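> One structure, as structure tokens, below. Some questions next.
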Amino acid sequence: MVPATDGRPGPRTHSTWAGTFLGMPPSHVRAASFVAVAVLVGAVSVGCLPPPTAVTESTSSLPASAGPSATPRPSATPKPQDLAIAAFVKLVAPGKLAYHIAFDGEVRLSTDVLPVSGAMDVAGPNFGTSFIYNLEQEYPGLGKHRVQVRAVGGKGWIKRGSAAWQAIKGYGAAQSYVPFKGVTKPTDLRYLGPVEIGGTTFHKVAVRDAVLIHPNTIPYQVYSEKVDDSEIEFLIDNAGRPRSGTWTLRSQARIGDSRQLQRVVYDLKLTFSKVGSKISIKRP
């Protein structure tokens with residue numbers, strides 16, 4: 001309070017009210033106020049702290065300690081068949097491999113079965129083949145009919161029986177009898193499994209669209225031949241060299257005077273030899 005001039009208490013002011021708070025002197029009031037504010041601020045701060053188990057932003061932003069580096073796995077060892085297939089592709093893909101194929105089997109028509117046998121030499125893109133249709137079994141007196149087909153330098157010829165050689169019109173890669181002409185990479189082959197012969201393991205593979213004989217070579221009245229599909233299955237050794245196999249071709253053609261549409265199916269057994277040897281194919 002501020003005393004009046006007449007000795008009576010004067011009116012209360014804010015400062016004098018604070019000075020007489022709880023009857024304490026002003027210095028004590030200021031100290032008590034400071035303590036109260038400090039306690040209040042501390043309480044607010046404590047109330048804002050995260051629980052002990054919480055992860056604060058500053059903690060989570062710390063880089064994690066690097067764990068032990070992973071040990072690199074060794075590359076898988078190539079399987080024997082993969083190595084053999086790769087070796088085969090390396091042999092045939094450049095289009096220079098030479099080899100000999102002997103074959104024997106039959107061609108089945110809807111009404112007839114004709115034995116077929118022959119051989120073919122291959123030297124890169126060039127080939128020469130000679131095979132015989134045996135008609136004697138189905139048509140006594142007609143005997144055997146020989147067909148020769150040859151291709152050199154991108155041109156083809158055919159010879160039927162004793163007739164003269166004739167050029168094959170429009171001859172191209174599609175008419176080639178070279179069985180592996182389309183192989184350029186391992187995926188062009190289909191792996192069929194291992195085959196053990198005499199204690200040696202070979203690898204059986206298959207190649208599609210291989211034509212060793214075309215149905216347009218069947219003697220006499222055959223028209224409108226159409227190949228549906230063909231495949232050669234054969235064994236290769238670890239060096240990729242072909243050894244033996246089978247060949248199948250499915251087609252259709254019109255046969256005889258009536259031109260009846262018939263199924264035509266070839267099934268041949270194959271034996272490879274002279275792989276990598278020097279073989280020369282000459283034009284007729």
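By order in the structure tokens, chains are A, B, ...; within a chain, residues start at 1; ligands start at 1, following the order shown.
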Per DSSP on the backbone, what are the strand (DSSP E) residues of segment 64-184 of chain A, as a VMD selection string?
chain A and resid 98 to 109 113 to 123 126 to 134 144 to 152 155 to 160 166 to 167
> Store the residues picked out above in a file with N, CA and C atoms, as a CSV table (one decimal), in the first residue's frame.

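That gives us result.csv:
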chain,number,residue,atom,x,y,z
A,98,ALA,N,31.6,-79.9,-92.4
A,98,ALA,CA,31.4,-81.0,-93.4
A,98,ALA,C,31.1,-82.3,-92.6
A,99,TYR,N,30.3,-83.2,-93.2
A,99,TYR,CA,30.0,-84.5,-92.6
A,99,TYR,C,29.2,-85.3,-93.6
A,100,HIS,N,29.1,-86.6,-93.2
A,100,HIS,CA,28.4,-87.6,-94.1
A,100,HIS,C,27.2,-88.2,-93.2
A,101,ILE,N,26.1,-88.4,-93.9
A,101,ILE,CA,24.9,-89.0,-93.2
A,101,ILE,C,24.4,-90.2,-94.1
A,102,ALA,N,24.4,-91.3,-93.5
A,102,ALA,CA,23.8,-92.5,-94.1
A,102,ALA,C,22.4,-92.7,-93.4
A,103,PHE,N,21.4,-93.0,-94.2
A,103,PHE,CA,20.0,-93.1,-93.7
A,103,PHE,C,19.3,-94.3,-94.3
A,104,ASP,N,18.3,-94.7,-93.5
A,104,ASP,CA,17.5,-95.9,-93.9
A,104,ASP,C,16.1,-95.8,-93.2
A,105,GLY,N,15.1,-96.1,-93.9
A,105,GLY,CA,13.8,-96.0,-93.3
A,105,GLY,C,12.6,-96.2,-94.3
A,106,GLU,N,11.6,-95.4,-94.1
A,106,GLU,CA,10.4,-95.6,-95.0
A,106,GLU,C,9.6,-94.3,-95.1
A,107,VAL,N,8.8,-94.2,-96.2
A,107,VAL,CA,7.8,-93.2,-96.3
A,107,VAL,C,6.5,-93.9,-96.3
A,108,ARG,N,5.6,-93.4,-95.5
A,108,ARG,CA,4.2,-94.0,-95.4
A,108,ARG,C,3.2,-93.0,-96.0
A,109,LEU,N,2.5,-93.5,-97.0
A,109,LEU,CA,1.3,-92.8,-97.5
A,109,LEU,C,0.1,-93.4,-96.9
A,113,VAL,N,3.4,-98.1,-98.3
A,113,VAL,CA,4.6,-97.9,-97.5
A,113,VAL,C,5.8,-98.2,-98.4
A,114,LEU,N,6.6,-97.2,-98.6
A,114,LEU,CA,7.8,-97.4,-99.5
A,114,LEU,C,9.1,-97.3,-98.7
A,115,PRO,N,9.9,-98.4,-98.7
A,115,PRO,CA,11.2,-98.3,-98.1
A,115,PRO,C,12.1,-97.2,-98.8
A,116,VAL,N,12.9,-96.5,-98.0
A,116,VAL,CA,13.8,-95.5,-98.5
A,116,VAL,C,15.2,-95.7,-97.9
A,117,SER,N,16.2,-95.5,-98.7
A,117,SER,CA,17.6,-95.6,-98.1
A,117,SER,C,18.5,-94.7,-99.0
A,118,GLY,N,19.6,-94.2,-98.4
A,118,GLY,CA,20.5,-93.4,-99.2
A,118,GLY,C,21.6,-92.8,-98.3
A,119,ALA,N,22.2,-91.7,-98.8
A,119,ALA,CA,23.3,-91.0,-98.1
A,119,ALA,C,23.4,-89.6,-98.6
A,120,MET,N,24.0,-88.8,-97.7
A,120,MET,CA,24.1,-87.4,-98.1
A,120,MET,C,25.5,-86.9,-97.6
A,121,ASP,N,26.2,-86.1,-98.4
A,121,ASP,CA,27.4,-85.4,-98.0
A,121,ASP,C,27.0,-83.9,-97.8
A,122,VAL,N,27.6,-83.3,-96.8
A,122,VAL,CA,27.3,-81.9,-96.5
A,122,VAL,C,28.7,-81.2,-96.4
A,123,ALA,N,28.8,-80.1,-97.0
A,123,ALA,CA,30.0,-79.2,-96.9
A,123,ALA,C,29.6,-77.8,-96.8
A,126,ASN,N,26.7,-76.3,-99.0
A,126,ASN,CA,26.6,-77.2,-100.2
A,126,ASN,C,26.3,-78.7,-99.7
A,127,PHE,N,25.5,-79.4,-100.6
A,127,PHE,CA,25.2,-80.8,-100.2
A,127,PHE,C,25.0,-81.6,-101.5
A,128,GLY,N,25.1,-82.9,-101.3
A,128,GLY,CA,24.8,-83.8,-102.4
A,128,GLY,C,24.2,-85.0,-101.8
A,129,THR,N,23.0,-85.4,-102.2
A,129,THR,CA,22.3,-86.6,-101.7
A,129,THR,C,21.8,-87.5,-102.8
A,130,SER,N,21.8,-88.8,-102.4
A,130,SER,CA,21.3,-89.8,-103.4
A,130,SER,C,20.6,-90.8,-102.5
A,131,PHE,N,19.3,-91.1,-102.9
A,131,PHE,CA,18.5,-92.0,-102.2
A,131,PHE,C,17.6,-92.8,-103.1
A,132,ILE,N,17.1,-93.9,-102.6
A,132,ILE,CA,16.3,-94.9,-103.5
A,132,ILE,C,15.0,-95.2,-102.8
A,133,TYR,N,13.9,-95.0,-103.6
A,133,TYR,CA,12.6,-95.5,-103.2
A,133,TYR,C,12.4,-96.9,-103.7
A,134,ASN,N,12.1,-97.8,-102.9
A,134,ASN,CA,11.8,-99.2,-103.3
A,134,ASN,C,10.3,-99.4,-103.5
A,144,LYS,N,13.1,-100.3,-108.2
A,144,LYS,CA,13.6,-99.2,-107.4
A,144,LYS,C,13.8,-97.9,-108.2
A,145,HIS,N,13.6,-96.8,-107.5
A,145,HIS,CA,13.7,-95.5,-108.2
A,145,HIS,C,14.7,-94.7,-107.5
A,146,ARG,N,15.7,-94.2,-108.2
A,146,ARG,CA,16.8,-93.4,-107.5
A,146,ARG,C,16.6,-92.0,-107.8
A,147,VAL,N,16.8,-91.2,-106.8
A,147,VAL,CA,16.7,-89.7,-106.9
A,147,VAL,C,18.0,-89.1,-106.4
A,148,GLN,N,18.5,-88.1,-107.1
A,148,GLN,CA,19.7,-87.4,-106.6
A,148,GLN,C,19.4,-85.9,-106.6
A,149,VAL,N,19.8,-85.2,-105.5
A,149,VAL,CA,19.7,-83.8,-105.4
A,149,VAL,C,21.0,-83.2,-105.0
A,150,ARG,N,21.3,-82.1,-105.6
A,150,ARG,CA,22.6,-81.4,-105.3
A,150,ARG,C,22.5,-79.9,-105.3
A,151,ALA,N,23.2,-79.3,-104.4
A,151,ALA,CA,23.2,-77.8,-104.4
A,151,ALA,C,24.7,-77.3,-104.2
A,152,VAL,N,25.1,-76.4,-105.0
A,152,VAL,CA,26.4,-75.8,-104.9
A,152,VAL,C,26.3,-74.3,-105.2
A,155,LYS,N,22.8,-72.7,-106.0
A,155,LYS,CA,22.0,-73.2,-107.0
A,155,LYS,C,21.8,-74.7,-106.8
A,156,GLY,N,20.6,-75.2,-107.2
A,156,GLY,CA,20.2,-76.6,-107.0
A,156,GLY,C,19.8,-77.3,-108.2
A,157,TRP,N,20.1,-78.7,-108.2
A,157,TRP,CA,19.7,-79.5,-109.3
A,157,TRP,C,19.1,-80.8,-108.8
A,158,ILE,N,18.3,-81.5,-109.7
A,158,ILE,CA,17.7,-82.8,-109.3
A,158,ILE,C,17.8,-83.7,-110.5
A,159,LYS,N,18.0,-85.0,-110.2
A,159,LYS,CA,18.1,-86.0,-111.2
A,159,LYS,C,17.2,-87.2,-110.8
A,160,ARG,N,16.3,-87.6,-111.6
A,160,ARG,CA,15.4,-88.7,-111.3
A,160,ARG,C,15.7,-89.9,-112.2
A,166,GLN,N,18.4,-81.6,-113.9
A,166,GLN,CA,17.5,-80.5,-114.2
A,166,GLN,C,17.8,-79.4,-113.1
A,167,ALA,N,17.8,-78.2,-113.4
A,167,ALA,CA,18.0,-77.1,-112.4
A,167,ALA,C,16.7,-77.0,-111.6
> Find the residues near segment 244-249 of chain A: any atom within 8 Å, counting only C-alpha atoms, skip ones fewer than 2 places away on the same chain, and give them as a PyMOL selection string.
chain A and resi 211-212+227-236+242+251+265-272
> Pull N, CA and C atoms from the residues just selected and write them as a PDB file, in the first residue's frame.

ATOM      1  N   VAL A 211      14.896 -80.647 -93.288  1.00  0.00           N
ATOM      2  CA  VAL A 211      14.375 -81.439 -94.411  1.00  0.00           C
ATOM      3  C   VAL A 211      15.523 -82.198 -95.062  1.00  0.00           C
ATOM      4  N   LEU A 212      15.512 -83.522 -94.930  1.00  0.00           N
ATOM      5  CA  LEU A 212      16.516 -84.365 -95.575  1.00  0.00           C
ATOM      6  C   LEU A 212      16.037 -84.881 -96.932  1.00  0.00           C
ATOM      7  N   VAL A 227       4.676 -79.554 -96.785  1.00  0.00           N
ATOM      8  CA  VAL A 227       5.309 -80.027 -95.550  1.00  0.00           C
ATOM      9  C   VAL A 227       4.637 -79.353 -94.355  1.00  0.00           C
ATOM     10  N   ASP A 228       4.178 -80.164 -93.409  1.00  0.00           N
ATOM     11  CA  ASP A 228       3.540 -79.629 -92.202  1.00  0.00           C
ATOM     12  C   ASP A 228       4.572 -79.376 -91.099  1.00  0.00           C
ATOM     13  N   ASP A 229       5.413 -80.355 -90.837  1.00  0.00           N
ATOM     14  CA  ASP A 229       6.472 -80.175 -89.837  1.00  0.00           C
ATOM     15  C   ASP A 229       7.525 -81.259 -90.021  1.00  0.00           C
ATOM     16  N   SER A 230       8.707 -80.986 -89.497  1.00  0.00           N
ATOM     17  CA  SER A 230       9.798 -81.957 -89.552  1.00  0.00           C
ATOM     18  C   SER A 230      10.715 -81.739 -88.353  1.00  0.00           C
ATOM     19  N   GLU A 231      11.402 -82.803 -87.957  1.00  0.00           N
ATOM     20  CA  GLU A 231      12.309 -82.698 -86.823  1.00  0.00           C
ATOM     21  C   GLU A 231      13.361 -83.797 -86.904  1.00  0.00           C
ATOM     22  N   ILE A 232      14.569 -83.436 -86.531  1.00  0.00           N
ATOM     23  CA  ILE A 232      15.646 -84.409 -86.440  1.00  0.00           C
ATOM     24  C   ILE A 232      16.077 -84.515 -84.982  1.00  0.00           C
ATOM     25  N   GLU A 233      16.062 -85.734 -84.445  1.00  0.00           N
ATOM     26  CA  GLU A 233      16.539 -86.000 -83.096  1.00  0.00           C
ATOM     27  C   GLU A 233      17.842 -86.785 -83.223  1.00  0.00           C
ATOM     28  N   PHE A 234      18.879 -86.355 -82.498  1.00  0.00           N
ATOM     29  CA  PHE A 234      20.174 -86.999 -82.685  1.00  0.00           C
ATOM     30  C   PHE A 234      21.012 -86.901 -81.419  1.00  0.00           C
ATOM     31  N   LEU A 235      22.033 -87.737 -81.372  1.00  0.00           N
ATOM     32  CA  LEU A 235      22.952 -87.768 -80.240  1.00  0.00           C
ATOM     33  C   LEU A 235      24.215 -86.992 -80.588  1.00  0.00           C
ATOM     34  N   ILE A 236      24.713 -86.231 -79.633  1.00  0.00           N
ATOM     35  CA  ILE A 236      26.008 -85.564 -79.780  1.00  0.00           C
ATOM     36  C   ILE A 236      26.904 -86.002 -78.637  1.00  0.00           C
ATOM     37  N   PRO A 242      27.786 -84.723 -83.939  1.00  0.00           N
ATOM     38  CA  PRO A 242      26.616 -85.601 -84.095  1.00  0.00           C
ATOM     39  C   PRO A 242      27.058 -87.023 -84.395  1.00  0.00           C
ATOM     40  N   SER A 251       3.755 -84.553 -93.859  1.00  0.00           N
ATOM     41  CA  SER A 251       3.303 -83.697 -94.960  1.00  0.00           C
ATOM     42  C   SER A 251       2.029 -84.265 -95.554  1.00  0.00           C
ATOM     43  N   VAL A 265       4.313 -89.431 -94.557  1.00  0.00           N
ATOM     44  CA  VAL A 265       5.159 -89.362 -93.366  1.00  0.00           C
ATOM     45  C   VAL A 265       6.460 -90.124 -93.608  1.00  0.00           C
ATOM     46  N   TYR A 266       7.593 -89.444 -93.416  1.00  0.00           N
ATOM     47  CA  TYR A 266       8.913 -90.069 -93.505  1.00  0.00           C
ATOM     48  C   TYR A 266       9.428 -90.380 -92.104  1.00  0.00           C
ATOM     49  N   ASP A 267      10.027 -91.561 -91.964  1.00  0.00           N
ATOM     50  CA  ASP A 267      10.732 -91.941 -90.729  1.00  0.00           C
ATOM     51  C   ASP A 267      12.054 -92.585 -91.131  1.00  0.00           C
ATOM     52  N   LEU A 268      13.167 -91.945 -90.778  1.00  0.00           N
ATOM     53  CA  LEU A 268      14.486 -92.451 -91.151  1.00  0.00           C
ATOM     54  C   LEU A 268      15.390 -92.568 -89.933  1.00  0.00           C
ATOM     55  N   LYS A 269      16.266 -93.568 -89.966  1.00  0.00           N
ATOM     56  CA  LYS A 269      17.339 -93.682 -88.986  1.00  0.00           C
ATOM     57  C   LYS A 269      18.614 -93.139 -89.617  1.00  0.00           C
ATOM     58  N   LEU A 270      19.384 -92.375 -88.832  1.00  0.00           N
ATOM     59  CA  LEU A 270      20.552 -91.681 -89.362  1.00  0.00           C
ATOM     60  C   LEU A 270      21.828 -92.116 -88.658  1.00  0.00           C
ATOM     61  N   THR A 271      22.923 -92.143 -89.428  1.00  0.00           N
ATOM     62  CA  THR A 271      24.256 -92.370 -88.870  1.00  0.00           C
ATOM     63  C   THR A 271      25.203 -91.315 -89.434  1.00  0.00           C
ATOM     64  N   PHE A 272      25.849 -90.560 -88.542  1.00  0.00           N
ATOM     65  CA  PHE A 272      26.786 -89.504 -88.961  1.00  0.00           C
ATOM     66  C   PHE A 272      28.216 -90.034 -88.957  1.00  0.00           C
TER      67      PHE A 272
END
> Please give the complete set of residues from segment 27-274 of chain A that DSSP, run on the backbone, assigns to alpha helix (DSSP H), formatted as a VMD selection string.
chain A and resid 27 to 48 57 to 60 80 to 92
> Save the residues we just selected, C-alpha atoms, as a CSV table (one decimal), in the first residue's frame?

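The new file out.csv reads:
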chain,number,residue,atom,x,y,z
A,27,SER,CA,12.0,-9.8,-2.9
A,28,HIS,CA,10.5,-13.0,-1.7
A,29,VAL,CA,7.6,-12.7,-4.1
A,30,ARG,CA,9.9,-12.3,-7.1
A,31,ALA,CA,11.9,-15.4,-6.0
A,32,ALA,CA,8.7,-17.4,-5.6
A,33,SER,CA,7.4,-16.3,-9.0
A,34,PHE,CA,10.7,-17.4,-10.7
A,35,VAL,CA,10.5,-20.8,-9.0
A,36,ALA,CA,6.9,-21.3,-10.1
A,37,VAL,CA,7.7,-20.3,-13.7
A,38,ALA,CA,10.6,-22.7,-13.8
A,39,VAL,CA,8.6,-25.5,-12.4
A,40,LEU,CA,5.8,-24.9,-14.9
A,41,VAL,CA,8.3,-24.8,-17.9
A,42,GLY,CA,9.9,-28.0,-16.6
A,43,ALA,CA,6.5,-29.7,-16.3
A,44,VAL,CA,5.6,-28.7,-19.9
A,45,SER,CA,8.9,-29.9,-21.2
A,46,VAL,CA,8.6,-33.2,-19.4
A,47,GLY,CA,5.2,-33.7,-20.8
A,48,CYS,CA,6.5,-33.2,-24.3
A,57,GLU,CA,14.0,-38.2,-35.4
A,58,SER,CA,17.6,-37.4,-34.6
A,59,THR,CA,18.3,-41.0,-33.5
A,60,SER,CA,16.6,-42.6,-36.5
A,80,PRO,CA,27.7,-81.5,-69.4
A,81,GLN,CA,24.8,-81.2,-71.8
A,82,ASP,CA,25.1,-77.4,-71.9
A,83,LEU,CA,28.8,-77.7,-72.8
A,84,ALA,CA,28.1,-80.2,-75.5
A,85,ILE,CA,25.3,-78.1,-77.0
A,86,ALA,CA,27.5,-75.1,-77.0
A,87,ALA,CA,30.3,-77.1,-78.7
A,88,PHE,CA,27.8,-78.3,-81.4
A,89,VAL,CA,26.6,-74.7,-82.1
A,90,LYS,CA,30.2,-73.6,-82.4
A,91,LEU,CA,30.7,-76.3,-85.1
A,92,VAL,CA,27.6,-75.7,-87.2
> What's around Tyr171 of chain A at 8 Å? Count only C-alpha atoms, leave out sequence neighbours fewer than 3 positions away in its own chain, and write the answer as a ChimeraX atom specification.
/A:154-156,168,174-176
> Keeping only N, CA and C atoms, write the selected residues as a tab-separated table (two decimals), in the first residue's frame.

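Full text of out_15.tsv as output:
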chain	number	residue	atom	x	y	z
A	154	GLY	N	24.63	-71.91	-104.01
A	154	GLY	CA	23.32	-71.27	-104.04
A	154	GLY	C	22.43	-71.70	-105.19
A	155	LYS	N	22.84	-72.71	-105.96
A	155	LYS	CA	22.01	-73.23	-107.04
A	155	LYS	C	21.77	-74.72	-106.83
A	156	GLY	N	20.58	-75.20	-107.22
A	156	GLY	CA	20.22	-76.59	-106.99
A	156	GLY	C	19.85	-77.33	-108.25
A	168	ILE	N	16.80	-76.73	-110.34
A	168	ILE	CA	15.64	-76.50	-109.47
A	168	ILE	C	15.31	-75.01	-109.54
A	174	ALA	N	15.56	-72.04	-98.30
A	174	ALA	CA	14.38	-72.79	-97.85
A	174	ALA	C	14.31	-74.18	-98.48
A	175	GLN	N	14.92	-74.35	-99.66
A	175	GLN	CA	14.92	-75.67	-100.32
A	175	GLN	C	16.14	-76.51	-99.98
A	176	SER	N	17.03	-75.99	-99.13
A	176	SER	CA	18.25	-76.72	-98.81
A	176	SER	C	17.96	-77.95	-97.97
> To one decimal in Å, tell me the separation between atom CA of Glu136 of chain A and atom CA of Tyr220 of chain A.
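Atom-to-atom, atom CA of Glu136 of chain A to atom CA of Tyr220 of chain A, that is 13.8 Å.
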> Have a look at A:Gly172, A:Gly153, A:Gly182, A:Gly161 and name the one nearest to Ala93 of chain A; count only C-alpha atoms.
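Looking at the shortest contact to Ala93 of chain A, the residue is A:Gly182.
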